[in-house]
Amino acid sequence: MDSGYAAGALRVSDAERDEVVGRLQEAYAEGRLDHDEFDMRAHLAMTSKTRDDLAAVTRDLAPVRGHAGSALELAEPTGEDRMLAAAAHAVAVPTLFVGPLVLMLVSGKRSEYIRRQAREAVNLQVTLLLITIVTFGVGGALYAVTWILSFVAAVFALSGRGFRYPWILRLVK
């Protein structure tokens, strides 16, 4: 038997491909990939033949915990962080972008999780405001939908999971 094959040259299974696509979905939800790059990488993962091909798809998406980043990046969100992140989504309903912006500027310095969630809420509200202005008020009907999305995002934030609103402009970084 020839043992000259490297582990990377071995063919992959559907389960291994699905695991990589799951990691890509996590990276997309975290904001590490944009939509086009996610689509391209998911296609590459699903058509990969060997472990080397599959590893190339996620090589630059190593978990954050693996590098020596700041303590803010590495820390799990505390109960207070989750509560403030949920408040950033909830307070956006009556205050538009002002409430989440204040939370982002005040509490975002202490917790990257709060900052990321408040930034999402600000970007959603700014996008909706621009749509409403461009459509001369007709786009204001979208605010009813955003109340539902804000509630869903608040629940995600309370559970400690990140939430990204679909189809918004990400003007605030």
# chains A, B, ... in the order shown; residues from 1 in each chain; ligands from 1

$ select_by_dssp --residues "chain A" --states "alpha helix (DSSP H)" --output "ChimeraX atom specification"
/A:14-30,35-46,51-58,71-74,79-90,92-95,98-107,112-134,142-158

$ closest_residue --among "A:Ala86, A:Val172, A:Leu54, A:Val93" --to "A:Tyr143" --atoms "only C-alpha atoms"
A:Val93

$ closest_residue --among "A:Leu169, A:Asp39, A:Ala87, A:Leu149" --to "A:Leu129" --atoms "only C-alpha atoms"
A:Leu169

$ residues_around --residues "A:Ala29" --least-positions-apart "6" --cutoff "9 Å" --atoms "only C-alpha atoms" --output "PDB file with N, CA, C and O atoms, in the first residue's frame"
ATOM      1  N   GLY A 162     -24.699  37.280  17.293  1.00  0.00           N
ATOM      2  CA  GLY A 162     -24.697  38.476  16.465  1.00  0.00           C
ATOM      3  C   GLY A 162     -25.857  38.465  15.485  1.00  0.00           C
ATOM      4  O   GLY A 162     -26.385  37.415  15.143  1.00  0.00           O
ATOM      5  N   PHE A 163     -26.275  39.633  15.052  1.00  0.00           N
ATOM      6  CA  PHE A 163     -27.347  39.749  14.059  1.00  0.00           C
ATOM      7  C   PHE A 163     -26.947  40.797  13.042  1.00  0.00           C
ATOM      8  O   PHE A 163     -26.455  41.855  13.407  1.00  0.00           O
ATOM      9  N   ARG A 164     -27.135  40.469  11.766  1.00  0.00           N
ATOM     10  CA  ARG A 164     -26.868  41.425  10.691  1.00  0.00           C
ATOM     11  C   ARG A 164     -28.144  41.579   9.878  1.00  0.00           C
ATOM     12  O   ARG A 164     -28.722  40.606   9.426  1.00  0.00           O
TER      13      ARG A 164
END

$ residues_around --residues "stretch 8-24 of chain A" --least-positions-apart "6" --cutoff "9 Å" --atoms "only C-alpha atoms" --output "PyMOL selection string"
chain A and resi 33+38+41-43+45-55+57-58+61

$ write_last_selection --atoms "N, CA, C and O atoms" --output "compact mmCIF listing (two decimals), in the first residue's frame"
# COMPACT_ATOMS: atom_id res chain seq x y z
N LEU A 33 -17.29 38.48 5.60
CA LEU A 33 -17.45 38.30 4.16
C LEU A 33 -18.62 39.12 3.67
O LEU A 33 -19.64 39.22 4.37
N PHE A 38 -19.17 35.60 -0.16
CA PHE A 38 -19.78 34.41 0.44
C PHE A 38 -20.28 33.46 -0.64
O PHE A 38 -20.03 32.26 -0.58
N ARG A 41 -17.27 31.75 -2.36
CA ARG A 41 -16.61 30.75 -1.51
C ARG A 41 -17.50 29.54 -1.26
O ARG A 41 -17.01 28.41 -1.18
N ALA A 42 -18.80 29.76 -1.10
CA ALA A 42 -19.71 28.62 -0.91
C ALA A 42 -19.70 27.73 -2.14
O ALA A 42 -19.69 26.50 -2.03
N HIS A 43 -19.67 28.34 -3.32
CA HIS A 43 -19.60 27.55 -4.56
C HIS A 43 -18.29 26.75 -4.61
O HIS A 43 -18.29 25.57 -4.94
N ALA A 45 -16.49 25.78 -2.08
CA ALA A 45 -16.55 24.73 -1.06
C ALA A 45 -17.37 23.54 -1.55
O ALA A 45 -16.97 22.39 -1.38
N MET A 46 -18.49 23.81 -2.17
CA MET A 46 -19.36 22.72 -2.62
C MET A 46 -18.78 21.96 -3.81
O MET A 46 -19.17 20.82 -4.06
N THR A 47 -17.84 22.56 -4.53
CA THR A 47 -17.23 21.87 -5.67
C THR A 47 -15.81 21.40 -5.36
O THR A 47 -15.15 20.88 -6.26
N SER A 48 -15.36 21.54 -4.13
CA SER A 48 -14.02 21.09 -3.74
C SER A 48 -13.93 19.58 -3.82
O SER A 48 -14.86 18.87 -3.46
N LYS A 49 -12.78 19.13 -4.27
CA LYS A 49 -12.55 17.68 -4.38
C LYS A 49 -11.63 17.16 -3.27
O LYS A 49 -11.80 16.06 -2.80
N THR A 50 -10.63 17.98 -2.88
CA THR A 50 -9.65 17.53 -1.88
C THR A 50 -9.68 18.43 -0.65
O THR A 50 -10.23 19.52 -0.67
N ARG A 51 -9.02 17.95 0.39
CA ARG A 51 -8.95 18.74 1.62
C ARG A 51 -8.17 20.03 1.42
O ARG A 51 -8.47 21.04 2.04
N ASP A 52 -7.15 19.99 0.56
CA ASP A 52 -6.41 21.22 0.26
C ASP A 52 -7.32 22.26 -0.40
O ASP A 52 -7.26 23.44 -0.07
N ASP A 53 -8.17 21.81 -1.34
CA ASP A 53 -9.12 22.73 -1.99
C ASP A 53 -10.05 23.34 -0.96
O ASP A 53 -10.34 24.54 -0.98
N LEU A 54 -10.53 22.52 -0.05
CA LEU A 54 -11.47 22.96 0.97
C LEU A 54 -10.79 23.92 1.97
O LEU A 54 -11.38 24.93 2.37
N ALA A 55 -9.55 23.63 2.33
CA ALA A 55 -8.83 24.47 3.28
C ALA A 55 -8.58 25.86 2.69
O ALA A 55 -8.57 26.86 3.42
N VAL A 57 -10.50 27.63 0.96
CA VAL A 57 -11.71 28.45 1.04
C VAL A 57 -11.80 29.21 2.35
O VAL A 57 -12.29 30.34 2.40
N THR A 58 -11.31 28.62 3.44
CA THR A 58 -11.44 29.24 4.76
C THR A 58 -10.09 29.61 5.40
O THR A 58 -10.04 29.95 6.57
N LEU A 61 -10.01 32.76 7.31
CA LEU A 61 -11.12 32.93 8.24
C LEU A 61 -10.87 32.18 9.55
O LEU A 61 -11.80 31.66 10.16

$ residues_around --residues "A:Val152" --least-positions-apart "3" --cutoff "10 Å" --atoms "only C-alpha atoms" --output "ChimeraX atom specification"
/A:86,89-90,146-149,155-158,163

$ residues_around --residues "A:Gln125" --least-positions-apart "6" --cutoff "8 Å" --atoms "only C-alpha atoms" --output "ChimeraX atom specification"
/A:92,96-97

$ atom_distance --atom1 "atom CA of A:Arg115" --atom2 "atom CA of A:Ser159"
16.0 Å

$ atom_distance --atom1 "atom CA of A:Ile114" --atom2 "atom CA of A:Ile133"
28.5 Å

$ atom_distance --atom1 "atom CA of A:Glu30" --atom2 "atom CA of A:Gln117"
10.5 Å

$ closest_residue --among "A:Leu44, A:Leu124, A:Ala27, A:Val102" --to "A:Arg170" --atoms "only C-alpha atoms"
A:Leu124

$ closest_residue --among "A:Pro166, A:Pro77, A:Lys173, A:Phe136" --to "A:Ala118" --atoms "only C-alpha atoms"
A:Lys173

$ closest_residue --among "A:Leu171, A:Leu84, A:Ala141, A:Ala153" --to "A:Ser111" --atoms "only C-alpha atoms"
A:Leu84
